[in-house]
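*Asks:* As input, take start_10.cif (mmCIF, C-alpha atoms and all ligand atoms):
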data_model
#
loop_
_atom_site.label_atom_id
_atom_site.label_comp_id
_atom_site.auth_asym_id
_atom_site.auth_seq_id
_atom_site.Cartn_x
_atom_site.Cartn_y
_atom_site.Cartn_z
CA MET A 464 126.00 87.89 98.04
CA SER A 465 126.28 87.97 101.82
CA THR A 466 128.69 86.19 104.11
CA ALA A 467 126.49 86.97 107.12
CA PRO A 468 125.38 83.80 108.92
CA LEU A 469 121.90 82.46 108.17
CA PRO A 470 119.38 83.08 110.95
CA THR A 471 118.75 79.95 112.98
CA GLY A 472 116.67 78.96 116.00
CA PRO A 473 113.13 79.96 116.91
CA ALA A 474 111.52 82.96 115.23
CA PRO A 475 112.15 86.20 117.13
CA VAL A 476 109.25 87.89 118.92
CA GLY A 477 109.22 91.67 119.23
CA HIS A 478 107.55 94.03 121.65
CA TRP A 479 105.68 97.31 121.16
CA THR A 480 107.89 100.01 119.75
CA THR A 481 107.57 102.83 117.22
CA GLY A 482 108.36 103.23 113.55
CA ALA A 483 108.94 106.52 111.73
CA VAL A 484 108.04 106.68 108.05
CA VAL A 485 111.23 107.47 106.13
CA GLU A 486 109.97 106.74 102.61
CA LEU A 487 106.42 106.51 101.26
CA GLU A 488 105.47 105.64 97.69
CA ARG A 489 101.90 105.44 96.39
CA ILE A 490 101.76 102.91 93.56
CA GLY A 491 98.78 103.00 91.22
CA ASP A 492 95.37 103.59 92.75
CA ARG A 493 95.50 101.16 95.65
CA LEU A 494 99.00 100.33 96.87
CA VAL A 495 101.29 102.19 99.24
CA ARG A 496 104.85 101.15 100.06
CA LEU A 497 106.15 102.37 103.41
CA ARG A 498 109.73 102.19 104.67
CA LEU A 499 110.08 102.78 108.38
CA GLU A 500 112.90 103.31 110.82
CA VAL A 501 111.96 101.14 113.79
CA ALA A 502 113.25 101.95 117.27
CA ASP A 503 115.13 99.03 118.90
CA ARG A 504 114.37 96.84 115.89
CA ILE A 505 114.74 93.09 116.30
CA ASP A 506 115.81 91.29 113.10
CA HIS A 507 112.87 89.37 111.64
CA LEU A 508 112.80 86.09 109.77
CA PRO A 509 111.44 86.28 106.21
CA GLY A 510 107.67 85.62 106.41
CA GLN A 511 107.05 87.35 109.74
CA HIS A 512 104.74 90.32 110.20
CA TYR A 513 104.18 93.36 112.42
CA VAL A 514 101.05 94.79 114.02
CA LEU A 515 100.63 98.47 113.23
CA ARG A 516 98.45 100.54 115.57
CA LEU A 517 96.85 103.89 114.75
CA ARG A 518 95.94 106.11 117.69
CA ALA A 519 93.56 109.08 117.39
CA ALA A 520 93.82 112.21 119.51
CA ASP A 521 90.85 111.00 121.62
CA GLY A 522 92.66 107.73 122.41
CA TYR A 523 90.72 105.55 119.94
CA THR A 524 92.98 102.88 118.44
CA ALA A 525 92.83 100.50 115.48
CA GLN A 526 95.47 97.89 114.74
CA ARG A 527 96.12 95.52 111.81
CA SER A 528 98.81 93.05 110.79
CA TYR A 529 101.21 93.74 107.92
CA SER A 530 103.83 91.37 106.53
CA VAL A 531 107.42 92.48 106.19
CA ALA A 532 108.69 92.84 102.63
CA SER A 533 112.25 93.78 103.52
CA ALA A 534 115.02 91.24 103.98
CA PRO A 535 116.40 90.80 107.51
CA GLY A 536 119.56 92.73 106.66
CA ASP A 537 117.70 95.83 105.43
CA PRO A 538 118.16 98.70 107.90
CA LEU A 539 114.55 99.82 107.25
CA LEU A 540 111.30 97.88 107.68
CA GLU A 541 109.32 97.76 104.42
CA LEU A 542 105.55 97.23 104.29
CA MET A 543 103.26 97.13 101.25
CA VAL A 544 99.63 97.90 101.96
CA GLU A 545 96.63 97.58 99.67
CA CYS A 546 93.93 100.18 100.29
CA LEU A 547 90.63 98.34 100.73
CA PRO A 548 87.32 100.10 100.05
CA GLY A 549 86.22 101.52 103.41
CA GLY A 550 89.36 100.13 105.03
CA GLU A 551 90.05 101.87 108.32
CA VAL A 552 93.79 101.28 108.64
CA SER A 553 94.74 100.61 105.00
CA GLY A 554 92.76 103.71 103.98
CA HIS A 555 94.66 105.87 106.45
CA LEU A 556 98.03 104.49 105.37
CA HIS A 557 97.19 105.00 101.70
CA ASP A 558 95.36 108.33 101.78
CA VAL A 559 96.67 110.21 104.83
CA ALA A 560 100.07 108.90 105.97
CA GLU A 561 103.16 110.87 105.06
CA VAL A 562 106.91 110.85 105.59
CA GLY A 563 107.68 111.74 109.22
CA ASP A 564 104.59 110.05 110.69
CA VAL A 565 105.34 107.79 113.65
CA PHE A 566 103.26 104.65 114.20
CA GLU A 567 103.10 102.21 117.09
CA LEU A 568 104.40 98.82 115.96
CA ARG A 569 104.68 95.40 117.54
CA GLY A 570 106.88 92.78 115.96
CA PRO A 571 108.30 90.79 114.48
CA ILE A 572 105.55 88.22 115.02
CA GLY A 573 104.85 84.73 113.69
CA GLY A 574 106.81 81.56 114.19
CA TRP A 575 105.14 79.34 111.60
CA PHE A 576 105.06 81.19 108.31
CA THR A 577 108.82 81.71 108.09
CA TRP A 578 111.54 80.58 105.70
CA ALA A 579 115.24 81.26 106.01
CA GLY A 580 116.53 78.69 103.52
CA GLU A 581 116.20 75.57 105.67
CA ALA A 582 113.97 73.67 103.20
CA THR A 583 113.30 73.58 99.48
CA ALA A 584 110.02 75.43 99.26
CA LEU A 585 107.22 76.29 96.86
CA CYS A 586 105.15 79.42 97.57
CA VAL A 587 101.77 80.01 95.98
CA VAL A 588 100.70 83.55 96.78
CA GLY A 589 98.08 86.00 95.59
CA GLY A 590 97.64 89.78 95.72
CA THR A 591 99.26 91.28 98.81
CA GLY A 592 99.98 87.69 99.85
CA VAL A 593 103.18 88.13 97.83
CA VAL A 594 104.60 90.50 100.48
CA PRO A 595 106.13 87.94 102.90
CA VAL A 596 107.49 86.01 99.92
CA VAL A 597 109.25 89.14 98.64
CA SER A 598 111.15 89.14 101.94
CA MET A 599 112.01 85.45 101.38
CA LEU A 600 113.17 86.14 97.79
CA ARG A 601 115.32 89.08 98.89
CA HIS A 602 116.83 86.93 101.64
CA ALA A 603 117.40 84.07 99.14
CA ARG A 604 119.16 86.43 96.73
CA THR A 605 121.45 87.80 99.44
CA HIS A 606 122.43 84.33 100.64
CA GLN A 607 122.48 82.56 97.24
CA LEU A 608 119.56 80.34 98.18
CA ALA A 609 117.44 81.06 95.11
CA ASP A 610 117.50 77.41 94.00
CA ARG A 611 115.62 76.48 97.21
CA LEU A 612 112.71 78.88 96.71
CA ARG A 613 110.11 78.59 93.95
CA VAL A 614 107.28 81.07 93.65
CA VAL A 615 103.91 81.14 91.91
CA ALA A 616 102.41 84.65 92.19
CA VAL A 617 98.84 85.37 91.17
CA GLY A 618 97.34 88.79 90.47
CA ARG A 619 94.47 90.27 88.54
CA THR A 620 96.70 92.47 86.35
CA LEU A 621 100.42 93.22 86.36
CA ALA A 622 99.71 96.77 87.60
CA GLU A 623 97.71 95.46 90.57
CA LEU A 624 100.21 92.77 91.59
CA PRO A 625 102.56 94.20 94.24
CA TYR A 626 106.26 93.83 93.35
CA ALA A 627 105.37 92.40 89.89
CA ALA A 628 108.64 93.49 88.25
CA GLU A 629 110.76 92.18 91.14
CA LEU A 630 108.90 88.84 91.14
CA LEU A 631 109.39 88.37 87.40
CA GLU A 632 113.07 89.30 87.65
CA ALA A 633 113.52 86.77 90.47
CA GLY A 634 112.13 84.03 88.22
CA ALA A 635 108.69 83.68 89.83
CA PHE A 636 105.94 82.15 87.72
CA VAL A 637 103.33 84.92 87.44
CA ALA A 638 99.74 84.06 86.56
CA LEU A 639 97.35 86.93 85.83
CA THR A 640 93.63 86.31 85.97
CA ARG A 641 92.33 89.44 84.18
CA GLU A 642 94.91 90.12 81.45
CA ASN A 643 97.23 88.12 79.23
CA LEU A 644 100.93 88.00 80.10
CA GLY A 645 103.03 87.34 76.99
CA ASP A 646 101.56 84.19 75.41
CA ARG A 647 99.75 83.18 78.60
CA VAL A 648 96.01 83.79 78.40
CA ALA A 649 94.44 85.27 81.55
CA ALA A 650 93.57 82.47 84.01
CA PRO A 651 94.46 81.21 87.47
CA PRO A 652 97.50 78.91 87.50
CA TYR A 653 96.82 75.43 86.09
CA PRO A 654 98.08 72.25 87.78
CA GLU A 655 100.27 71.47 84.76
CA GLU A 656 101.99 74.86 85.16
CA VAL A 657 102.67 74.32 88.87
CA ALA A 658 103.57 70.61 88.81
CA PRO A 659 107.19 71.06 87.59
CA LEU A 660 107.81 73.54 90.41
CA ALA A 661 106.47 71.10 93.00
CA GLU A 662 109.05 68.40 92.25
CA GLY A 663 111.23 67.71 95.27
CA VAL A 664 109.74 70.41 97.49
CA GLU A 665 109.90 69.78 101.22
CA ARG A 666 107.56 72.57 102.26
CA ALA A 667 104.93 74.84 100.73
CA TYR A 668 103.64 78.30 101.67
CA VAL A 669 100.27 79.76 100.76
CA CYS A 670 99.38 83.38 101.42
CA GLY A 671 96.51 85.58 100.31
CA SER A 672 92.80 86.13 100.86
CA VAL A 673 90.68 83.42 102.43
CA GLY A 674 89.29 82.41 99.01
CA PHE A 675 92.75 82.42 97.42
CA ALA A 676 94.20 80.31 100.24
CA SER A 677 91.64 77.57 99.71
CA PHE A 678 92.21 77.63 95.91
CA ALA A 679 96.01 77.45 96.33
CA THR A 680 95.88 74.69 98.94
CA ARG A 681 93.69 72.61 96.63
CA LEU A 682 96.04 73.29 93.71
CA LEU A 683 99.05 72.13 95.73
CA GLY A 684 97.21 68.93 96.62
CA GLU A 685 96.47 68.33 92.94
CA VAL A 686 100.17 68.51 92.08
CA GLY A 687 101.13 66.09 94.84
CA VAL A 688 102.28 68.37 97.67
CA ARG A 689 101.52 66.71 101.01
CA ALA A 690 98.94 68.60 103.09
CA ASP A 691 101.07 68.40 106.24
CA THR A 692 103.89 70.33 104.54
CA ILE A 693 101.69 73.32 103.60
CA ARG A 694 101.84 76.47 105.76
CA VAL A 695 98.98 78.90 105.21
CA GLU A 696 98.66 82.59 106.09
CA GLN A 697 95.27 84.15 105.36
CA PHE A 698 94.61 87.87 105.00
CA GLY A 699 91.10 89.08 105.43
CA ALA A 700 88.19 89.68 107.72
CA THR A 701 88.30 86.09 108.95
CA GLY A 702 92.10 85.69 108.57
C1 LIG B 1 99.39 87.98 109.21
C2 LIG B 1 98.76 89.02 108.31
C3 LIG B 1 99.57 89.73 107.43
C4 LIG B 1 99.00 90.70 106.60
N1 LIG B 1 99.80 91.38 105.71
C5 LIG B 1 99.26 92.30 104.88
C6 LIG B 1 100.09 93.00 103.94
O1 LIG B 1 101.31 92.77 103.85
N2 LIG B 1 99.50 93.95 103.15
C7 LIG B 1 98.15 94.23 103.22
O2 LIG B 1 97.67 95.10 102.47
N3 LIG B 1 97.35 93.56 104.10
C8 LIG B 1 97.87 92.63 104.93
N4 LIG B 1 97.07 91.98 105.85
C9 LIG B 1 95.65 92.41 105.97
C10 LIG B 1 95.57 93.60 106.97
O3 LIG B 1 95.88 93.13 108.27
C11 LIG B 1 94.17 94.21 107.05
O4 LIG B 1 93.21 93.18 107.19
C12 LIG B 1 93.82 95.06 105.84
O5 LIG B 1 94.77 96.12 105.66
C13 LIG B 1 92.41 95.67 106.02
O6 LIG B 1 92.37 96.46 107.17
P1 LIG B 1 91.51 97.82 107.15
O7 LIG B 1 91.51 98.37 108.53
O8 LIG B 1 91.96 98.70 106.06
O9 LIG B 1 90.05 97.29 106.73
P2 LIG B 1 88.78 97.13 107.72
O10 LIG B 1 88.31 98.49 108.10
O11 LIG B 1 89.13 96.16 108.80
O12 LIG B 1 87.75 96.43 106.74
C14 LIG B 1 87.16 97.12 105.60
C15 LIG B 1 86.39 96.13 104.74
O13 LIG B 1 87.29 95.21 104.12
C16 LIG B 1 87.06 93.86 104.56
N5 LIG B 1 88.41 93.29 104.78
C17 LIG B 1 89.19 93.42 105.88
N6 LIG B 1 90.40 92.88 105.65
C18 LIG B 1 90.38 92.41 104.38
C19 LIG B 1 91.35 91.77 103.56
N7 LIG B 1 92.60 91.53 103.98
N8 LIG B 1 90.96 91.43 102.29
C20 LIG B 1 89.71 91.71 101.83
N9 LIG B 1 88.78 92.32 102.56
C21 LIG B 1 89.10 92.67 103.82
C22 LIG B 1 86.23 93.97 105.81
O14 LIG B 1 85.38 92.84 105.97
C23 LIG B 1 85.43 95.24 105.55
O15 LIG B 1 84.33 95.00 104.70
C24 LIG B 1 97.61 90.97 106.67
C25 LIG B 1 96.80 90.24 107.55
C26 LIG B 1 97.36 89.28 108.36
C27 LIG B 1 96.46 88.51 109.29
#
Can the structure in the file be given as structure tokens, please?

*Replies:*
Amino acid sequence: MSTAPLPTGPAPVGHWTTGAVVELERIGDRLVRLRLEVADRIDHLPGQHYVLRLRAADGYTAQRSYSVASAPGDPLLELMVECLPGGEVSGHLHDVAEVGDVFELRGPIGGWFTWAGEATALCVVGGTGVVPVVSMLRHARTHQLADRLRVVAVGRTLAELPYAAELLEAGAFVALTRENLGDRVAAPPYPEEVAPLAEGVERAYVCGSVGFASFATRLLGEVGVRADTIRVEQFGATG
């Protein structure tokens, strides 16, 4: 439990800075968890992201957005990256990056997809779309706000779902589409599974691939969540 005050006001906006990799963990075949020490770090709100820029010796640069998994009070910035086939930045972070590397970073960014406990919320997230919600869950745990945050997390298998153990421990409803989980047969979440979690929610968050976001938005509509309360963050080529 924390007695630190809850963040209030508009979401903070950060500038370009640098982050040094302090911890790096490769998880399974495709995930890498990075913990960075960020120079002049500005506290983020749960749900915000950073832009990470790679710079080659010849000056060529490539930059991509990555959501923050750490809670605002964490002294390090935690990112979880899925290595995509042929992925320029995710491939480098997964295959090449090591402790001691320093990356250019800009953040925190994003004033819309944030939650600091101000509303009772339902999150429906898939794949690496769970990352910003892990920050929200960690923040909720620290500030005893868990009753205001409900989470439906969707993955292909438990091994492929980032933070699966932490999500289950936090009470998230986990739906796996390619393997059974306990008595639950592999399938996307059904409206009747999500409906009880939608009762009384004031806001909803959807995060994942473009295809997942449209599935989750439709699902929320089917269980009675008003479209104007749904905040969507899409990852992907068109996100
Ligand atoms: C706000 C925001 C937050 C994000 N947070 C995270 C995060 O926490 N963790 C994370 O792993 N990713 C996250 N992403 C996605 C990330 O920014 C990159 O798109 C992803 O890492 C791919 O970049 P790349 O350079 O490796 O692939 P590229 O070299 O750009 O693309 C390689 C191939 O993959 C396709 N592709 C590109 N992006 C995606 C994607 N996201 N899903 C499926 N196919 C794709 C391309 O069309 C291409 O065929 C986030 C995106 C946004 C917009």

*Asks:* Please identify every residue of chain A that has at least one atom no farther than 10 Å from an atom of ligand LIG 1 (chain B), counting only C-alpha atoms and all ligand atoms, and for each give the shortest atom pair and the distance in Å to one decimal, arranged by chain then increasing number, as a Markdown table.

*Replies:*
| residue | atom | partner | partner_atom | distance |
| --- | --- | --- | --- | --- |
| A:Arg493 | CA | B:LIG1 | O2 | 9.4 |
| A:Leu494 | CA | B:LIG1 | O2 | 7.8 |
| A:Val495 | CA | B:LIG1 | O2 | 8.6 |
| A:Arg496 | CA | B:LIG1 | N2 | 9.5 |
| A:Gly510 | CA | B:LIG1 | C1 | 9.1 |
| A:Gln511 | CA | B:LIG1 | C1 | 7.7 |
| A:His512 | CA | B:LIG1 | C3 | 5.9 |
| A:Tyr513 | CA | B:LIG1 | C3 | 7.7 |
| A:Val514 | CA | B:LIG1 | O3 | 7.9 |
| A:Leu515 | CA | B:LIG1 | O3 | 8.7 |
| A:Leu517 | CA | B:LIG1 | O7 | 9.9 |
| A:Ala525 | CA | B:LIG1 | O7 | 7.4 |
| A:Gln526 | CA | B:LIG1 | O7 | 7.4 |
| A:Arg527 | CA | B:LIG1 | O3 | 4.3 |
| A:Ser528 | CA | B:LIG1 | O3 | 3.9 |
| A:Tyr529 | CA | B:LIG1 | N1 | 3.5 |
| A:Ser530 | CA | B:LIG1 | O1 | 3.9 |
| A:Val531 | CA | B:LIG1 | O1 | 6.5 |
| A:Ala532 | CA | B:LIG1 | O1 | 7.5 |
| A:Glu541 | CA | B:LIG1 | O1 | 9.5 |
| A:Leu542 | CA | B:LIG1 | O1 | 6.2 |
| A:Met543 | CA | B:LIG1 | N2 | 5.3 |
| A:Val544 | CA | B:LIG1 | O2 | 3.5 |
| A:Glu545 | CA | B:LIG1 | O2 | 3.9 |
| A:Cys546 | CA | B:LIG1 | O8 | 6.3 |
| A:Leu547 | CA | B:LIG1 | O8 | 5.5 |
| A:Pro548 | CA | B:LIG1 | C15 | 6.2 |
| A:Gly549 | CA | B:LIG1 | C14 | 5.0 |
| A:Gly550 | CA | B:LIG1 | O8 | 3.1 |
| A:Glu551 | CA | B:LIG1 | O7 | 3.8 |
| A:Val552 | CA | B:LIG1 | O7 | 3.7 |
| A:Ser553 | CA | B:LIG1 | O8 | 3.5 |
| A:Gly554 | CA | B:LIG1 | O8 | 5.5 |
| A:His555 | CA | B:LIG1 | O8 | 7.7 |
| A:Leu556 | CA | B:LIG1 | O8 | 8.4 |
| A:His557 | CA | B:LIG1 | O8 | 9.3 |
| A:Ile572 | CA | B:LIG1 | C1 | 8.5 |
| A:Gly573 | CA | B:LIG1 | C1 | 7.8 |
| A:Phe576 | CA | B:LIG1 | C1 | 8.9 |
| A:Gly590 | CA | B:LIG1 | O2 | 8.6 |
| A:Thr591 | CA | B:LIG1 | N2 | 5.1 |
| A:Gly592 | CA | B:LIG1 | O1 | 6.6 |
| A:Val593 | CA | B:LIG1 | O1 | 7.8 |
| A:Val594 | CA | B:LIG1 | O1 | 5.2 |
| A:Pro595 | CA | B:LIG1 | O1 | 6.9 |
| A:Val596 | CA | B:LIG1 | O1 | 10.0 |
| A:Pro625 | CA | B:LIG1 | N2 | 9.4 |
| A:Cys670 | CA | B:LIG1 | C3 | 8.7 |
| A:Gly671 | CA | B:LIG1 | N7 | 8.0 |
| A:Ser672 | CA | B:LIG1 | N8 | 5.8 |
| A:Val673 | CA | B:LIG1 | N8 | 8.0 |
| A:Gly674 | CA | B:LIG1 | C20 | 9.7 |
| A:Val695 | CA | B:LIG1 | C1 | 9.9 |
| A:Glu696 | CA | B:LIG1 | C1 | 6.3 |
| A:Gln697 | CA | B:LIG1 | C27 | 6.0 |
| A:Phe698 | CA | B:LIG1 | C25 | 4.1 |
| A:Gly699 | CA | B:LIG1 | N7 | 3.2 |
| A:Ala700 | CA | B:LIG1 | C17 | 4.3 |
| A:Thr701 | CA | B:LIG1 | N6 | 7.8 |
| A:Gly702 | CA | B:LIG1 | C27 | 5.2 |

*Asks:* Using atom CA of A:Pro654 and atom CA of A:Thr692 as the two end points, give the distance in Å to one decimal.

*Replies:*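 Those two atoms sit 17.8 Å apart.
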
*Asks:* Just the residues within 8 Å of A:Arg619, please, counting only C-alpha atoms, with nothing from its chain fewer than 5 positions along; format it as a list in words.

*Replies:*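 Near A:Arg619, the qualifying residues are Gly590, Leu624, Leu639, Thr640, Arg641 and Glu642 of chain A.
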
*Asks:* Record the distance separating atom CA of A:Glu500 and atom CA of A:Val485, expressed in Å with one decimal.

*Replies:* 6.5 Å

*Asks:* Between A:Leu499, A:Ala560, A:Ala584, A:Ala603, which is the closest to A:Ala534 once you count only C-alpha atoms?

*Replies:* A:Ala603

*Asks:* Could you jot down the atom CA of A:Leu644 to atom CA of A:Leu612 separation for me, Å, one decimal place?

*Replies:*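 So the answer is 22.3 Å.
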
*Asks:* Give me the residues within 9 Å of A:Val587 as an NGL selection string, counting only C-alpha atoms and dropping any in the same chain fewer than 2 places off.

*Replies:* :A and (585 or 589 or 592-593 or 613-617 or 667-671 or 676 or 679-680 or 683)

*Asks:* Looking at A:Asp558, A:Val588, A:Leu608, A:Glu581, which one is nearest to A:Ser677, with distances taken over all atoms listed in the file?

*Replies:* A:Val588

*Asks:* For A:Arg666, which of A:Arg681, A:Arg611, A:Arg647, A:Arg518 is the closest residue, counting all atoms listed in the file?

*Replies:*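 With all atoms listed in the file as the atom set, the closest residue is A:Arg611.
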
*Asks:* Contacts of A:Asp610 at 12 Å or less, counting all atoms listed in the file, minus same-chain residues fewer than 4 places along, as JSON, numbers by chain?

*Replies:* {"A": [580, 581, 582, 583, 584, 585, 600, 603, 604, 606, 614, 633, 634, 635, 660, 663, 664]}

*Asks:* List as a ChimeraX atom specification: which residues have an atom within 6 Å of (109.7, 101.2, 110.1), counting all atoms listed in the file?

*Replies:* /A:482-483,498-501,539-540

*Asks:* Taking only N, CA and C atoms, show stretch 580-591 of chain A of the given structure as a PDB file, in the first residue's frame.

*Replies:*
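Output saved as selection-v8.pdb:
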ATOM      1  N   GLY A 580      -7.081   5.719 -11.611  1.00  0.00           N
ATOM      2  CA  GLY A 580      -8.020   5.365 -10.552  1.00  0.00           C
ATOM      3  C   GLY A 580      -9.235   6.256 -10.506  1.00  0.00           C
ATOM      4  N   GLU A 581      -9.348   7.191 -11.468  1.00  0.00           N
ATOM      5  CA  GLU A 581     -10.414   8.185 -11.425  1.00  0.00           C
ATOM      6  C   GLU A 581     -11.775   7.644 -11.854  1.00  0.00           C
ATOM      7  N   ALA A 582     -11.832   6.458 -12.461  1.00  0.00           N
ATOM      8  CA  ALA A 582     -13.113   5.902 -12.913  1.00  0.00           C
ATOM      9  C   ALA A 582     -13.078   4.392 -12.766  1.00  0.00           C
ATOM     10  N   THR A 583     -14.241   3.789 -12.550  1.00  0.00           N
ATOM     11  CA  THR A 583     -14.309   2.331 -12.560  1.00  0.00           C
ATOM     12  C   THR A 583     -14.198   1.881 -14.005  1.00  0.00           C
ATOM     13  N   ALA A 584     -13.219   1.029 -14.282  1.00  0.00           N
ATOM     14  CA  ALA A 584     -12.880   0.751 -15.678  1.00  0.00           C
ATOM     15  C   ALA A 584     -12.805  -0.741 -15.968  1.00  0.00           C
ATOM     16  N   LEU A 585     -13.128  -1.064 -17.210  1.00  0.00           N
ATOM     17  CA  LEU A 585     -12.966  -2.425 -17.733  1.00  0.00           C
ATOM     18  C   LEU A 585     -11.993  -2.367 -18.908  1.00  0.00           C
ATOM     19  N   CYS A 586     -10.948  -3.169 -18.855  1.00  0.00           N
ATOM     20  CA  CYS A 586      -9.954  -3.216 -19.935  1.00  0.00           C
ATOM     21  C   CYS A 586     -10.075  -4.555 -20.651  1.00  0.00           C
ATOM     22  N   VAL A 587     -10.138  -4.492 -21.968  1.00  0.00           N
ATOM     23  CA  VAL A 587     -10.119  -5.717 -22.770  1.00  0.00           C
ATOM     24  C   VAL A 587      -8.900  -5.623 -23.671  1.00  0.00           C
ATOM     25  N   VAL A 588      -7.908  -6.461 -23.396  1.00  0.00           N
ATOM     26  CA  VAL A 588      -6.599  -6.291 -24.029  1.00  0.00           C
ATOM     27  C   VAL A 588      -6.086  -7.622 -24.556  1.00  0.00           C
ATOM     28  N   GLY A 589      -5.295  -7.550 -25.644  1.00  0.00           N
ATOM     29  CA  GLY A 589      -4.813  -8.781 -26.252  1.00  0.00           C
ATOM     30  C   GLY A 589      -3.338  -8.715 -26.584  1.00  0.00           C
ATOM     31  N   GLY A 590      -2.622  -9.822 -26.402  1.00  0.00           N
ATOM     32  CA  GLY A 590      -1.197  -9.886 -26.730  1.00  0.00           C
ATOM     33  C   GLY A 590      -0.420  -8.826 -25.973  1.00  0.00           C
ATOM     34  N   THR A 591       0.477  -8.114 -26.684  1.00  0.00           N
ATOM     35  CA  THR A 591       1.249  -7.074 -25.996  1.00  0.00           C
ATOM     36  C   THR A 591       0.374  -5.878 -25.613  1.00  0.00           C
TER      37      THR A 591
END
